[in-house]
$ cat query36.pdb   # PDB, C-alpha atoms
ATOM      1  CA  MET A   1     -67.877-122.435 -82.564
ATOM      2  CA  THR A   2     -67.842-121.077 -86.109
ATOM      3  CA  THR A   3     -70.990-121.547 -88.126
ATOM      4  CA  ASN A   4     -70.765-122.694 -91.726
ATOM      5  CA  ASN A   5     -74.279-122.154 -93.112
ATOM      6  CA  VAL A   6     -75.543-124.477 -95.796
ATOM      7  CA  SER A   7     -76.466-122.507 -98.915
ATOM      8  CA  ASN A   8     -80.157-121.934 -99.538
ATOM      9  CA  PRO A   9     -81.683-124.074-102.308
ATOM     10  CA  ASN A  10     -83.889-121.103-103.229
ATOM     11  CA  ASP A  11     -80.899-118.969-104.211
ATOM     12  CA  THR A  12     -81.497-119.150-107.966
ATOM     13  CA  GLN A  13     -80.136-115.704-108.853
ATOM     14  CA  GLU A  14     -76.527-116.819-109.156
ATOM     15  CA  GLN A  15     -77.630-119.883-111.121
ATOM     16  CA  THR A  16     -79.748-117.987-113.670
ATOM     17  CA  GLY A  17     -77.653-114.829-113.885
ATOM     18  CA  GLY A  18     -80.717-112.584-113.877
ATOM     19  CA  ILE A  19     -81.903-113.753-117.305
ATOM     20  CA  PRO A  20     -84.963-112.116-118.936
ATOM     21  CA  GLU A  21     -88.415-113.234-117.813
ATOM     22  CA  GLU A  22     -89.364-115.047-121.010
ATOM     23  CA  GLU A  23     -86.090-116.951-121.044
ATOM     24  CA  PHE A  24     -86.572-117.733-117.366
ATOM     25  CA  LYS A  25     -90.008-119.208-118.130
ATOM     26  CA  ARG A  26     -88.522-121.351-120.909
ATOM     27  CA  LEU A  27     -85.858-122.568-118.497
ATOM     28  CA  ILE A  28     -88.491-123.575-115.942
ATOM     29  CA  LYS A  29     -90.478-125.431-118.611
ATOM     30  CA  ALA A  30     -87.356-127.195-119.867
ATOM     31  CA  LEU A  31     -86.386-128.277-116.348
ATOM     32  CA  HIS A  32     -89.899-129.515-115.655
ATOM     33  CA  ASP A  33     -90.113-131.438-118.933
ATOM     34  CA  ASN A  34     -86.651-132.963-118.506
ATOM     35  CA  ALA A  35     -87.450-134.115-114.973
ATOM     36  CA  LEU A  36     -90.723-135.650-116.150
ATOM     37  CA  LYS A  37     -88.936-137.512-118.952
ATOM     38  CA  ALA A  38     -86.236-138.710-116.563
ATOM     39  CA  LEU A  39     -88.762-140.055-114.059
ATOM     40  CA  ARG A  40     -90.909-141.660-116.755
ATOM     41  CA  PHE A  41     -87.788-143.376-118.068
ATOM     42  CA  LYS A  42     -87.095-144.908-114.652
ATOM     43  CA  PHE A  43     -90.751-145.680-113.853
ATOM     44  CA  GLU A  44     -91.986-146.571-117.327
ATOM     45  CA  GLU A  45     -94.703-148.926-116.037
ATOM     46  CA  ASP A  46     -96.114-146.376-113.591
ATOM     47  CA  GLN A  47     -98.004-143.106-113.956
ATOM     48  CA  VAL A  48     -95.831-140.029-113.470
ATOM     49  CA  ASP A  49     -97.255-136.506-113.178
ATOM     50  CA  GLY A  50     -95.790-133.198-112.097
ATOM     51  CA  GLN A  51     -96.338-129.501-111.700
ATOM     52  CA  VAL A  52     -94.417-126.325-110.955
ATOM     53  CA  LEU A  53     -95.499-124.067-108.086
ATOM     54  CA  ASN A  54     -94.150-120.574-107.541
ATOM     55  CA  HIS A  55     -93.307-120.105-103.871
ATOM     56  CA  GLU A  56     -92.947-116.520-102.623
ATOM     57  CA  VAL A  57     -89.781-117.382-100.680
ATOM     58  CA  TYR A  58     -88.190-120.302-102.544
ATOM     59  CA  GLY A  59     -89.177-119.449-106.114
ATOM     60  CA  PRO A  60     -90.196-122.287-108.475
ATOM     61  CA  ILE A  61     -90.872-125.584-106.708
ATOM     62  CA  PHE A  62     -91.048-128.693-108.905
ATOM     63  CA  THR A  63     -93.280-131.446-107.510
ATOM     64  CA  TYR A  64     -93.785-134.906-109.000
ATOM     65  CA  LYS A  65     -96.130-137.768-108.179
ATOM     66  CA  ILE A  66     -95.762-141.421-109.121
ATOM     67  CA  GLU A  67     -98.685-143.845-108.951
ATOM     68  CA  VAL A  68     -97.520-147.457-109.012
ATOM     69  CA  LYS A  69     -99.446-150.516-110.138
ATOM     70  CA  ASP A  70    -100.956-151.268-106.718
ATOM     71  CA  GLY A  71    -102.460-147.774-106.626
ATOM     72  CA  HIS A  72    -100.083-146.338-104.051
ATOM     73  CA  LYS A  73     -98.927-142.784-104.737
ATOM     74  CA  TYR A  74     -95.617-141.161-103.888
ATOM     75  CA  ALA A  75     -94.803-137.466-104.173
ATOM     76  CA  CYS A  76     -91.605-135.480-103.834
ATOM     77  CA  GLY A  77     -90.535-131.904-104.521
ATOM     78  CA  PHE A  78     -87.358-130.188-105.678
ATOM     79  CA  PHE A  79     -85.953-126.676-105.661
ATOM     80  CA  MET A  80     -85.018-125.056-108.942
ATOM     81  CA  ARG A  81     -81.365-124.691-108.013
ATOM     82  CA  GLU A  82     -81.153-128.423-107.352
ATOM     83  CA  LEU A  83     -82.569-129.376-110.747
ATOM     84  CA  LEU A  84     -80.329-126.885-112.527
ATOM     85  CA  ASN A  85     -77.288-128.343-110.833
ATOM     86  CA  VAL A  86     -78.330-131.946-111.479
ATOM     87  CA  PHE A  87     -79.053-131.501-115.175
ATOM     88  CA  GLN A  88     -75.876-129.474-115.664
ATOM     89  CA  ASN A  89     -73.444-131.566-113.630
ATOM     90  CA  ASN A  90     -74.856-135.006-112.790
ATOM     91  CA  GLU A  91     -73.962-137.889-115.098
ATOM     92  CA  ASP A  92     -77.318-139.601-114.477
ATOM     93  CA  PRO A  93     -80.070-137.132-113.502
ATOM     94  CA  SER A  94     -82.768-139.801-113.882
ATOM     95  CA  LEU A  95     -81.079-141.992-111.269
ATOM     96  CA  TRP A  96     -80.715-139.026-108.901
ATOM     97  CA  LEU A  97     -84.401-138.135-109.224
ATOM     98  CA  ALA A  98     -85.572-141.737-108.965
ATOM     99  CA  SER A  99     -83.586-142.319-105.775
ATOM    100  CA  PHE A 100     -85.880-140.061-103.757
ATOM    101  CA  PHE A 101     -88.968-141.969-104.868
ATOM    102  CA  LEU A 102     -87.355-145.348-104.274
ATOM    103  CA  ASP A 103     -86.642-144.260-100.696
ATOM    104  CA  LEU A 104     -90.297-143.255-100.274
ATOM    105  CA  MET A 105     -91.428-146.589-101.706
ATOM    106  CA  ASP A 106     -89.376-148.416 -99.083
ATOM    107  CA  SER A 107     -91.694-147.030 -96.403
ATOM    108  CA  GLU A 108     -95.063-148.577 -95.591
ATOM    109  CA  GLY A 109     -98.064-147.312 -97.544
ATOM    110  CA  GLU A 110     -98.142-144.364 -99.884
ATOM    111  CA  ARG A 111     -96.417-141.031 -99.270
ATOM    112  CA  LEU A 112     -98.116-137.952-100.603
ATOM    113  CA  LEU A 113     -96.887-134.466 -99.694
ATOM    114  CA  PRO A 114     -97.640-133.612 -96.037
ATOM    115  CA  MET A 115    -100.160-130.948 -95.132
ATOM    116  CA  PRO A 116     -98.432-127.661 -94.224
ATOM    117  CA  PRO A 117     -98.890-126.420 -90.647
ATOM    118  CA  GLN A 118    -101.812-124.006 -90.479
ATOM    119  CA  THR A 119    -100.790-122.045 -87.395
ATOM    120  CA  GLU A 120     -97.629-120.981 -85.592
ATOM    121  CA  ASP A 121     -98.378-123.520 -82.865
ATOM    122  CA  GLU A 122     -98.618-126.317 -85.449
ATOM    123  CA  ALA A 123     -95.348-125.189 -87.024
ATOM    124  CA  LYS A 124     -93.643-125.117 -83.617
ATOM    125  CA  ALA A 125     -94.966-128.586 -82.773
ATOM    126  CA  LEU A 126     -93.698-129.887 -86.127
ATOM    127  CA  ILE A 127     -90.238-128.483 -85.428
ATOM    128  CA  ASP A 128     -90.028-129.498 -81.759
ATOM    129  CA  ASN A 129     -91.693-132.907 -81.906
ATOM    130  CA  VAL A 130     -90.888-134.214 -85.362
ATOM    131  CA  ILE A 131     -88.153-132.481 -87.331
ATOM    132  CA  VAL A 132     -85.560-131.635 -84.662
ATOM    133  CA  PRO A 133     -85.661-135.058 -82.927
ATOM    134  CA  TYR A 134     -85.451-136.795 -86.308
ATOM    135  CA  CYS A 135     -82.526-134.639 -87.458
ATOM    136  CA  ALA A 136     -80.614-135.107 -84.201
ATOM    137  CA  LYS A 137     -81.026-138.877 -84.335
ATOM    138  CA  THR A 138     -80.176-139.144 -88.031
ATOM    139  CA  ILE A 139     -77.141-136.845 -87.886
ATOM    140  CA  ARG A 140     -75.640-138.646 -84.895
ATOM    141  CA  ALA A 141     -76.296-142.036 -86.514
ATOM    142  CA  GLU A 142     -74.398-140.852 -89.604
ATOM    143  CA  PHE A 143     -71.287-140.166 -87.498
ATOM    144  CA  PRO A 144     -71.387-142.882 -84.813
ATOM    145  CA  ASP A 145     -67.706-142.480 -83.929
ATOM    146  CA  GLU A 146     -67.957-138.718 -83.355
ATOM    147  CA  LEU A 147     -69.468-136.632 -80.570
ATOM    148  CA  VAL A 148     -71.838-134.427 -82.577
ATOM    149  CA  HIS A 149     -73.367-131.262 -81.145
ATOM    150  CA  VAL A 150     -76.958-130.719 -82.374
ATOM    151  CA  ASP A 151     -79.019-127.807 -81.059
ATOM    152  CA  LEU A 152     -81.229-124.857 -81.955
ATOM    153  CA  ASP A 153     -79.634-121.433 -82.202
ATOM    154  CA  LEU A 154     -80.400-117.894 -83.370
ATOM    155  CA  ASN A 155     -78.419-116.566 -86.305
ATOM    156  CA  GLU A 156     -78.287-112.795 -86.924
ATOM    157  CA  GLN A 157     -78.764-113.192 -90.668
ATOM    158  CA  HIS A 158     -80.984-116.276 -90.975
ATOM    159  CA  GLY A 159     -82.982-116.257 -87.744
ATOM    160  CA  ALA A 160     -83.718-119.520 -85.954
ATOM    161  CA  VAL A 161     -81.496-122.364 -87.167
ATOM    162  CA  LEU A 162     -80.680-125.950 -86.335
ATOM    163  CA  GLU A 163     -76.945-126.319 -86.018
ATOM    164  CA  ALA A 164     -74.740-129.377 -85.833
ATOM    165  CA  GLY A 165     -71.007-129.666 -85.377
ATOM    166  CA  PHE A 166     -68.112-131.816 -84.257
ATOM    167  CA  THR A 167     -66.889-131.134 -80.735
ATOM    168  CA  SER A 168     -63.525-132.690 -81.666
ATOM    169  CA  ILE A 169     -62.813-129.827 -84.090
ATOM    170  CA  SER A 170     -61.760-126.684 -82.247
ATOM    171  CA  ASP A 171     -60.244-124.539 -85.011
ATOM    172  CA  GLY A 172     -61.980-123.051 -88.053
ATOM    173  CA  ASN A 173     -65.376-124.084 -89.351
ATOM    174  CA  ASN A 174     -66.825-126.800 -87.166
ATOM    175  CA  VAL A 175     -70.581-126.145 -87.301
ATOM    176  CA  CYS A 176     -73.156-126.416 -90.070
ATOM    177  CA  ALA A 177     -76.558-124.727 -89.695
ATOM    178  CA  LEU A 178     -79.829-124.637 -91.614
ATOM    179  CA  PRO A 179     -82.729-122.202 -91.028
ATOM    180  CA  LEU A 180     -85.794-123.800 -89.470
ATOM    181  CA  HIS A 181     -87.981-122.676 -92.367
ATOM    182  CA  MET A 182     -85.738-124.678 -94.710
ATOM    183  CA  LEU A 183     -86.129-127.761 -92.516
ATOM    184  CA  ILE A 184     -89.904-127.386 -92.736
ATOM    185  CA  ALA A 185     -89.673-126.887 -96.517
ATOM    186  CA  HIS A 186     -87.722-130.131 -96.933
ATOM    187  CA  HIS A 187     -90.213-131.976 -94.743
ATOM    188  CA  LEU A 188     -93.186-130.661 -96.750
ATOM    189  CA  LEU A 189     -91.528-131.802 -99.992
ATOM    190  CA  ASN A 190     -91.062-135.331 -98.618
ATOM    191  CA  ARG A 191     -87.330-134.711 -98.474
ATOM    192  CA  ASP A 192     -84.975-135.684 -95.669
ATOM    193  CA  PRO A 193     -84.446-132.473 -93.625
ATOM    194  CA  ALA A 194     -81.256-133.898 -92.132
ATOM    195  CA  GLU A 195     -79.611-134.468 -95.525
ATOM    196  CA  PRO A 196     -78.331-130.912 -96.234
ATOM    197  CA  ILE A 197     -76.869-130.672 -92.734
ATOM    198  CA  ILE A 198     -75.167-134.050 -93.111
ATOM    199  CA  GLN A 199     -73.710-132.938 -96.459
ATOM    200  CA  GLY A 200     -72.410-129.776 -94.790
ATOM    201  CA  LEU A 201     -70.802-131.810 -92.011
ATOM    202  CA  TYR A 202     -69.039-134.018 -94.552
ATOM    203  CA  ARG A 203     -67.659-130.872 -96.218
ATOM    204  CA  ILE A 204     -66.360-129.721 -92.819
ATOM    205  CA  ARG A 205     -64.644-133.076 -92.315
ATOM    206  CA  GLU A 206     -63.033-132.789 -95.740
ATOM    207  CA  GLU A 207     -61.793-129.279 -94.956
ATOM    208  CA  HIS A 208     -60.089-130.644 -91.847
ATOM    209  CA  GLY A 209     -58.678-133.713 -93.618
ATOM    210  CA  LEU A 210     -60.820-136.164 -91.685
ATOM    211  CA  ASP A 211     -62.247-137.999 -94.720
TER     212      ASP A 211
END

$ encode --input "query36.pdb" --output "C-alpha coordinates"
Amino acid sequence: MTTNNVSNPNDTQEQTGGIPEEEFKRLIKALHDNALKALRFKFEEDQVDGQVLNHEVYGPIFTYKIEVKDGHKYACGFFMRELLNVFQNNEDPSLWLASFFLDLMDSEGERLLPMPPQTEDEAKALIDNVIVPYCAKTIRAEFPDELVHVDLDLNEQHGAVLEAGFTSISDGNNVCALPLHMLIAHHLLNRDPAEPIIQGLYRIREEHGLD
(Lines of atoms letter the chains of each structure in order from A and count residues from 1; the text may use other names and numbers.)
(Lines give C-alpha, C1' and ligand atoms only; values in the text may rest on other atoms or scores of the structure.)
Protein backbone atom coordinates (compact mmCIF):
# COMPACT_ATOMS: atom_id res chain seq x y z
CA MET A 1 0.00 0.00 0.00
CA THR A 2 1.18 3.53 -0.77
CA THR A 3 0.78 6.08 1.97
CA ASN A 4 -0.55 9.52 1.16
CA ASN A 5 0.12 11.56 4.32
CA VAL A 6 -2.26 14.34 5.21
CA SER A 7 -0.40 17.65 5.42
CA ASN A 8 0.34 18.98 8.89
CA PRO A 9 -1.84 21.90 10.01
CA ASN A 10 1.20 23.33 11.82
CA ASP A 11 3.11 23.81 8.57
CA THR A 12 2.78 27.61 8.47
CA GLN A 13 6.10 28.35 6.76
CA GLU A 14 4.78 27.93 3.23
CA GLN A 15 1.69 29.95 4.15
CA THR A 16 3.57 32.92 5.63
CA GLY A 17 6.59 32.86 3.34
CA GLY A 18 9.00 33.51 6.21
CA ILE A 19 7.73 37.05 6.81
CA PRO A 20 9.45 39.29 9.41
CA GLU A 21 8.58 38.79 13.07
CA GLU A 22 6.67 42.03 13.53
CA GLU A 23 4.59 41.38 10.43
CA PHE A 24 4.02 37.83 11.63
CA LYS A 25 2.69 39.17 14.95
CA ARG A 26 0.34 41.54 13.12
CA LEU A 27 -0.90 38.63 11.03
CA ILE A 28 -1.64 36.57 14.14
CA LYS A 29 -3.51 39.50 15.72
CA ALA A 30 -5.50 40.08 12.53
CA LEU A 31 -6.46 36.40 12.30
CA HIS A 32 -7.47 36.33 15.95
CA ASP A 33 -9.54 39.52 15.67
CA ASN A 34 -11.23 38.39 12.45
CA ALA A 35 -12.16 35.03 13.96
CA LEU A 36 -13.57 36.74 17.05
CA LYS A 37 -15.66 39.09 14.90
CA ALA A 38 -16.88 36.19 12.76
CA LEU A 39 -17.97 34.16 15.79
CA ARG A 40 -19.58 37.14 17.50
CA PHE A 41 -21.53 37.78 14.30
CA LYS A 42 -22.93 34.24 14.35
CA PHE A 43 -23.46 34.11 18.13
CA GLU A 44 -24.45 37.72 18.76
CA GLU A 45 -26.59 36.87 21.81
CA ASP A 46 -23.85 34.83 23.48
CA GLN A 47 -20.50 35.67 25.06
CA VAL A 48 -17.53 34.90 22.83
CA ASP A 49 -13.92 35.01 24.06
CA GLY A 50 -10.65 33.80 22.61
CA GLN A 51 -6.91 33.65 22.99
CA VAL A 52 -3.81 32.68 21.05
CA LEU A 53 -1.36 30.15 22.49
CA ASN A 54 2.07 29.50 21.05
CA HIS A 55 2.67 25.76 20.87
CA GLU A 56 6.29 24.60 20.52
CA VAL A 57 5.35 22.07 17.83
CA TYR A 58 2.26 23.49 16.11
CA GLY A 59 2.99 27.21 16.37
CA PRO A 60 0.10 29.61 17.11
CA ILE A 61 -3.06 27.88 18.30
CA PHE A 62 -6.26 29.95 18.27
CA THR A 63 -8.82 28.90 20.89
CA TYR A 64 -12.31 30.32 21.32
CA LYS A 65 -15.00 29.85 23.96
CA ILE A 66 -18.71 30.56 23.65
CA GLU A 67 -20.96 30.85 26.70
CA VAL A 68 -24.62 30.56 25.77
CA LYS A 69 -27.62 31.91 27.65
CA ASP A 70 -28.13 28.80 29.80
CA GLY A 71 -24.55 29.13 31.08
CA HIS A 72 -23.13 26.21 29.13
CA LYS A 73 -19.68 26.80 27.65
CA TYR A 74 -18.20 25.41 24.45
CA ALA A 75 -14.57 25.68 23.37
CA CYS A 76 -12.75 24.82 20.17
CA GLY A 77 -9.28 25.43 18.77
CA PHE A 78 -7.79 26.04 15.34
CA PHE A 79 -4.37 25.89 13.74
CA MET A 80 -2.96 29.00 12.12
CA ARG A 81 -2.75 27.42 8.68
CA GLU A 82 -6.45 26.59 8.83
CA LEU A 83 -7.49 30.15 9.65
CA LEU A 84 -5.22 31.57 6.97
CA ASN A 85 -6.76 29.29 4.39
CA VAL A 86 -10.32 29.98 5.52
CA PHE A 87 -10.02 33.76 5.52
CA GLN A 88 -8.20 33.72 2.19
CA ASN A 89 -10.32 31.19 0.31
CA ASN A 90 -13.63 30.50 2.07
CA GLU A 91 -16.67 32.49 0.94
CA ASP A 92 -18.16 32.44 4.46
CA PRO A 93 -15.50 32.10 7.18
CA SER A 94 -18.03 32.87 9.93
CA LEU A 95 -20.18 29.91 8.89
CA TRP A 96 -17.13 27.63 8.78
CA LEU A 97 -16.05 28.67 12.28
CA ALA A 98 -19.57 28.50 13.70
CA SER A 99 -20.10 24.97 12.38
CA PHE A 100 -17.63 23.50 14.86
CA PHE A 101 -19.42 25.10 17.80
CA LEU A 102 -22.85 24.09 16.54
CA ASP A 103 -21.63 20.48 16.43
CA LEU A 104 -20.40 20.79 20.03
CA MET A 105 -23.74 22.28 21.09
CA ASP A 106 -25.54 19.25 19.67
CA SER A 107 -23.90 17.11 22.35
CA GLU A 108 -25.22 16.88 25.90
CA GLY A 109 -23.89 19.41 28.41
CA GLU A 110 -21.06 21.83 27.87
CA ARG A 111 -17.80 21.03 26.08
CA LEU A 112 -14.70 22.77 27.31
CA LEU A 113 -11.25 21.78 26.05
CA PRO A 114 -10.18 18.36 27.41
CA MET A 115 -7.34 18.05 29.88
CA PRO A 116 -4.11 16.96 28.15
CA PRO A 117 -2.68 13.58 29.18
CA GLN A 118 -0.10 14.05 31.93
CA THR A 119 1.95 10.91 31.37
CA GLU A 120 2.93 8.59 28.53
CA ASP A 121 0.57 5.95 29.93
CA GLU A 122 -2.33 8.43 29.87
CA ALA A 123 -1.46 9.41 26.30
CA LYS A 124 -1.32 5.75 25.25
CA ALA A 125 -4.67 5.03 26.92
CA LEU A 126 -6.20 8.04 25.14
CA ILE A 127 -4.95 6.76 21.78
CA ASP A 128 -5.80 3.08 22.32
CA ASN A 129 -9.11 3.41 24.14
CA VAL A 130 -10.63 6.60 22.79
CA ILE A 131 -9.14 8.09 19.64
CA VAL A 132 -8.31 5.02 17.54
CA PRO A 133 -11.64 3.20 18.17
CA TYR A 134 -13.54 6.42 17.45
CA CYS A 135 -11.61 7.08 14.23
CA ALA A 136 -12.02 3.51 12.99
CA LYS A 137 -15.77 3.57 13.60
CA THR A 138 -16.26 7.03 12.10
CA ILE A 139 -14.13 6.41 9.01
CA ARG A 140 -15.86 3.13 8.20
CA ALA A 141 -19.28 4.71 8.76
CA GLU A 142 -18.35 7.44 6.25
CA PHE A 143 -17.74 4.81 3.55
CA PRO A 144 -20.31 2.09 4.31
CA ASP A 145 -20.07 0.55 0.84
CA GLU A 146 -16.27 0.18 0.95
CA LEU A 147 -13.98 -2.19 2.82
CA VAL A 148 -11.74 0.30 4.63
CA HIS A 149 -8.43 -0.70 6.20
CA VAL A 150 -7.76 1.20 9.46
CA ASP A 151 -4.68 0.40 11.54
CA LEU A 152 -1.66 1.80 13.36
CA ASP A 153 1.66 1.88 11.54
CA LEU A 154 5.17 3.30 11.85
CA ASN A 155 6.25 5.86 9.28
CA GLU A 156 9.97 6.59 8.80
CA GLN A 157 9.42 10.34 8.61
CA HIS A 158 6.45 10.94 10.92
CA GLY A 159 6.73 8.14 13.48
CA ALA A 160 3.61 6.40 14.73
CA VAL A 161 0.59 7.07 12.51
CA LEU A 162 -2.99 5.96 12.08
CA GLU A 163 -3.55 4.94 8.50
CA ALA A 164 -6.71 4.23 6.56
CA GLY A 165 -7.18 3.07 3.00
CA PHE A 166 -9.43 1.35 0.51
CA THR A 167 -8.64 -2.31 -0.09
CA SER A 168 -10.42 -2.08 -3.46
CA ILE A 169 -7.72 0.27 -4.78
CA SER A 170 -4.56 -1.61 -5.68
CA ASP A 171 -2.63 0.90 -7.81
CA GLY A 172 -1.20 4.26 -6.76
CA ASN A 173 -2.11 6.13 -3.60
CA ASN A 174 -4.63 4.16 -1.61
CA VAL A 175 -3.78 5.02 2.01
CA CYS A 176 -4.05 8.21 4.04
CA ALA A 177 -2.16 8.54 7.35
CA LEU A 178 -1.98 11.03 10.19
CA PRO A 179 0.63 11.09 12.99
CA LEU A 180 -0.72 10.07 16.39
CA HIS A 181 0.38 13.37 17.93
CA MET A 182 -1.85 15.18 15.42
CA LEU A 183 -4.80 12.98 16.40
CA ILE A 184 -4.23 13.91 20.04
CA ALA A 185 -3.93 17.60 19.09
CA HIS A 186 -7.29 17.52 17.30
CA HIS A 187 -8.89 15.77 20.26
CA LEU A 188 -7.51 18.34 22.73
CA LEU A 189 -8.90 21.17 20.58
CA ASN A 190 -12.38 19.61 20.59
CA ARG A 191 -11.96 18.79 16.92
CA ASP A 192 -12.92 15.56 15.19
CA PRO A 193 -9.65 13.57 14.84
CA ALA A 194 -11.17 11.46 12.08
CA GLU A 195 -11.99 14.46 9.88
CA PRO A 196 -8.55 15.05 8.27
CA ILE A 197 -8.22 11.35 7.46
CA ILE A 198 -11.70 11.28 5.94
CA GLN A 199 -10.83 14.33 3.82
CA GLY A 200 -7.67 12.57 2.65
CA LEU A 201 -9.65 9.47 1.72
CA TYR A 202 -12.07 11.55 -0.34
CA ARG A 203 -9.09 13.05 -2.20
CA ILE A 204 -7.85 9.51 -2.92
CA ARG A 205 -11.26 8.57 -4.30
CA GLU A 206 -11.23 11.64 -6.53
CA GLU A 207 -7.76 10.77 -7.82
CA HIS A 208 -9.06 7.35 -8.83
CA GLY A 209 -12.29 8.71 -10.35
CA LEU A 210 -14.52 7.12 -7.74
CA ASP A 211 -16.42 10.30 -6.79

$ resolve_selection --input "query36.pdb" --expression "the PyMOL selection byres ((chain A and resi 77-79) around 9)" --output "list of chain:residue names"
A:Pro9, A:Asn10, A:Tyr58, A:Gly59, A:Pro60, A:Ile61, A:Phe62, A:Thr63, A:Tyr64, A:Lys65, A:Ala75, A:Cys76, A:Met80, A:Arg81, A:Glu82, A:Leu83, A:Leu84, A:Leu113, A:His186, A:Leu188, A:Leu189, A:Asn190, A:Arg191

$ resolve_selection --input "query36.pdb" --expression "the PyMOL selection byres ((chain A and resi 205) around 12)" --output "list in words"
Phe143, Glu146, Gly165, Phe166, Thr167, Ser168, Ile169, Gly172, Asn173, Asn174, Val175, Cys176, Ile198, Gln199, Gly200, Leu201, Tyr202, Arg203, Ile204, Glu206, Glu207, His208, Gly209, Leu210 and Asp211 of chain A

$ resolve_selection --input "query36.pdb" --expression "the PyMOL selection byres ((chain A and resi 20-33) around 9)" --output "tab-separated table (two decimals) with C-alpha atoms, in the coordinates of the input"
chain	number	residue	atom	x	y	z
A	16	THR	CA	-79.75	-117.99	-113.67
A	18	GLY	CA	-80.72	-112.58	-113.88
A	19	ILE	CA	-81.90	-113.75	-117.30
A	34	ASN	CA	-86.65	-132.96	-118.51
A	35	ALA	CA	-87.45	-134.12	-114.97
A	36	LEU	CA	-90.72	-135.65	-116.15
A	37	LYS	CA	-88.94	-137.51	-118.95
A	38	ALA	CA	-86.24	-138.71	-116.56
A	50	GLY	CA	-95.79	-133.20	-112.10
A	51	GLN	CA	-96.34	-129.50	-111.70
A	52	VAL	CA	-94.42	-126.32	-110.96
A	60	PRO	CA	-90.20	-122.29	-108.48
A	62	PHE	CA	-91.05	-128.69	-108.90
A	80	MET	CA	-85.02	-125.06	-108.94
A	83	LEU	CA	-82.57	-129.38	-110.75
A	84	LEU	CA	-80.33	-126.88	-112.53
A	87	PHE	CA	-79.05	-131.50	-115.18

$ closest_residue --input "query36.pdb" --among "A:Ile184, A:Ile66, A:Val132, A:Leu102" --to "Pro114 (chain A)" --atoms "all atoms listed in the file"
A:Ile184

$ atom_distance --input "query36.pdb" --atom1 "CA of Leu178 (chain A)" --atom2 "CA of His158 (chain A)"
8.5 Å

$ atom_distance --input "query36.pdb" --atom1 "CA of Ser94 (chain A)" --atom2 "CA of Phe43 (chain A)"
9.9 Å

$ closest_residue --input "query36.pdb" --among "A:Ser170, A:Asp128, A:Asp70, A:Leu39" --to "Phe100 (chain A)" --atoms "only C-alpha atoms"
A:Leu39

$ closest_residue --input "query36.pdb" --among "A:Gln157, A:Gly109, A:Leu147, A:Phe41" --to "Leu95 (chain A)" --atoms "all atoms listed in the file"
A:Phe41

$ closest_residue --input "query36.pdb" --among "A:Leu154, A:Arg40, A:Asp103, A:Pro193" --to "Pro133 (chain A)" --atoms "all atoms listed in the file"
A:Pro193

$ atom_distance --input "query36.pdb" --atom1 "CA of Glu163 (chain A)" --atom2 "CA of Gln118 (chain A)"
25.4 Å
